[in-house]
Every structure is written in structure tokens, then in C-alpha cells.
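Take a look at the structure set out below.
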Amino acid sequence: MTTISTDTATLALSAERLFAFLADLSNHRAFLEPAAKEFSGDADTHRYKIEVMGMTMPVEALIGERVSPNLVTLVPGAKKMFDHTLRFEITPSGDGCSLRIVDEADLPAMMQMMGAEKLLKGQLDSALAKIRELAVDGKLG
């Protein structure tokens, strides 16, 4: 199992507000697009396609766990490239909160050789940056 994580971002909004946003998977469009094509989702699932090394790959995620206001986990749905658990770890702090995104991934050997870990790290960092931007712009819930 490979652990890939972002740095921790400090956000000027309550942990409850960030949790409510992340716990509804339909909201994930806001930080997954434009890389996520054909996004569709509801509170408990989302689906989209991404371009990886010239190939279009389907992605489907389901809620694994919601622990208010600290944790939202996602697990792959029926269409998966590999087993993994994606965690949004939220920590209340003063007037705001902090967020770290962690992916525990069982990457196949071929994907490891092709640099999948670096690609996934880039995707997590991009998602965190977009969530931070949405928070600064007051667009989270």
C-alpha cells in the first residue's frame, strides 16, 4: 500500500462548513473540473472521466465513511483502476480549520513503474489548491 498525501492547508472557515461541502460528493465538481470530464454526482457517489497518459479512464467513487466534522473517506465504485481509500482529514483550529488529503493506494506494479504516484500526488495537490481557492472566494457551501 502506498500513502500519498498533501501538505496541510489552513482555511478560514469552520470545520463543520468544510465537512458539509466535502461530505456531499456532488460538490466535488467544483475542485475536480476541468480535469474531470462528464462529471455527474449526488451526495453519495460521483463519476467522471480523466485523461491519463493519452487514455481516457473512468473514475467512480462512493462515500466510505463520514465522521462529522473531521473525516470524509471515498472508496472506488464499480469502475476502478486500483483499490484505494481517499481521506479528507479536517481538523478544527481556532476560527477556522485545516485540511489534508491522503490517498492509501494499492498501486499495481505497472502503474508504479509508469510514475502513477507522482501523478496522483499532483492531482491531490491540485484538489487542495482549488479547495483553498474556493474557501478564500467564499464558494464552499
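How things are named: the first chain in the C-alpha cells is A, the next is B, and so on; residues count from 1 in each chain; ligands count from 1 in the order shown.
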So that I can see what lies close to segment 115-131 of chain A, please list as a ChimeraX atom specification the residues with an atom at most 8 Å from it, counting only C-alpha atoms and leaving out residues fewer than 5 positions away in the same chain. /A:4-7,9,31-32,100-102,107
Those residues with C-alpha atoms, as a short mmCIF file (atom, residue, chain, number, x, y, z; two decimals), in the first residue's frame please?
data_model
loop_
_atom_site.label_atom_id
_atom_site.label_comp_id
_atom_site.auth_asym_id
_atom_site.auth_seq_id
_atom_site.Cartn_x
_atom_site.Cartn_y
_atom_site.Cartn_z
CA ILE A 4 0.27 9.78 -0.83
CA SER A 5 -0.64 12.99 1.00
CA THR A 6 -0.80 16.71 0.55
CA ASP A 7 0.61 19.31 2.88
CA ALA A 9 -3.80 23.76 4.34
CA PHE A 31 -12.50 21.25 -7.44
CA LEU A 32 -12.22 18.33 -9.88
CA ARG A 100 -5.09 17.37 4.46
CA ILE A 101 -5.92 14.92 1.66
CA VAL A 102 -4.48 11.39 1.92
CA LEU A 107 -0.99 0.67 -7.00
#
Mind checking which residues fall within 12 Å of segment 52-65 of chain A, counting only C-alpha atoms, ignoring those fewer than 4 positions away in the same chain, and posting them as a PyMOL selection string? chain A and resi 19+22-26+28+32+35-48+69-89+111+114-116+119-120+123
Identify all residues of segment 37-113 of chain A in helix (DSSP H, G or I) (DSSP on the backbone) and supply them as a PyMOL selection string. chain A and resi 109-113
What separation in Å, quoted to one decimal, exists between atom CA of Ser68 of chain A and atom CA of Ser93 of chain A?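 If I compute the distance from atom CA of Ser68 of chain A to atom CA of Ser93 of chain A, I get 14.8 Å.
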How far is it from atom CA of Leu99 of chain A to atom CA of Ile50 of chain A, in Å with one decimal? 24.1 Å
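The residue that comes closest to Lys139 of chain A, out of A:Thr3, A:Glu51, A:Thr10, A:Ala30 and on the basis of only C-alpha atoms, is A:Ala30.
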Using only C-alpha atoms, which of A:Ala20, A:Ala12, A:Thr2, A:Pro92 sits nearest Asp137 of chain A?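 With only C-alpha atoms as the atom set, the closest residue is A:Ala12.
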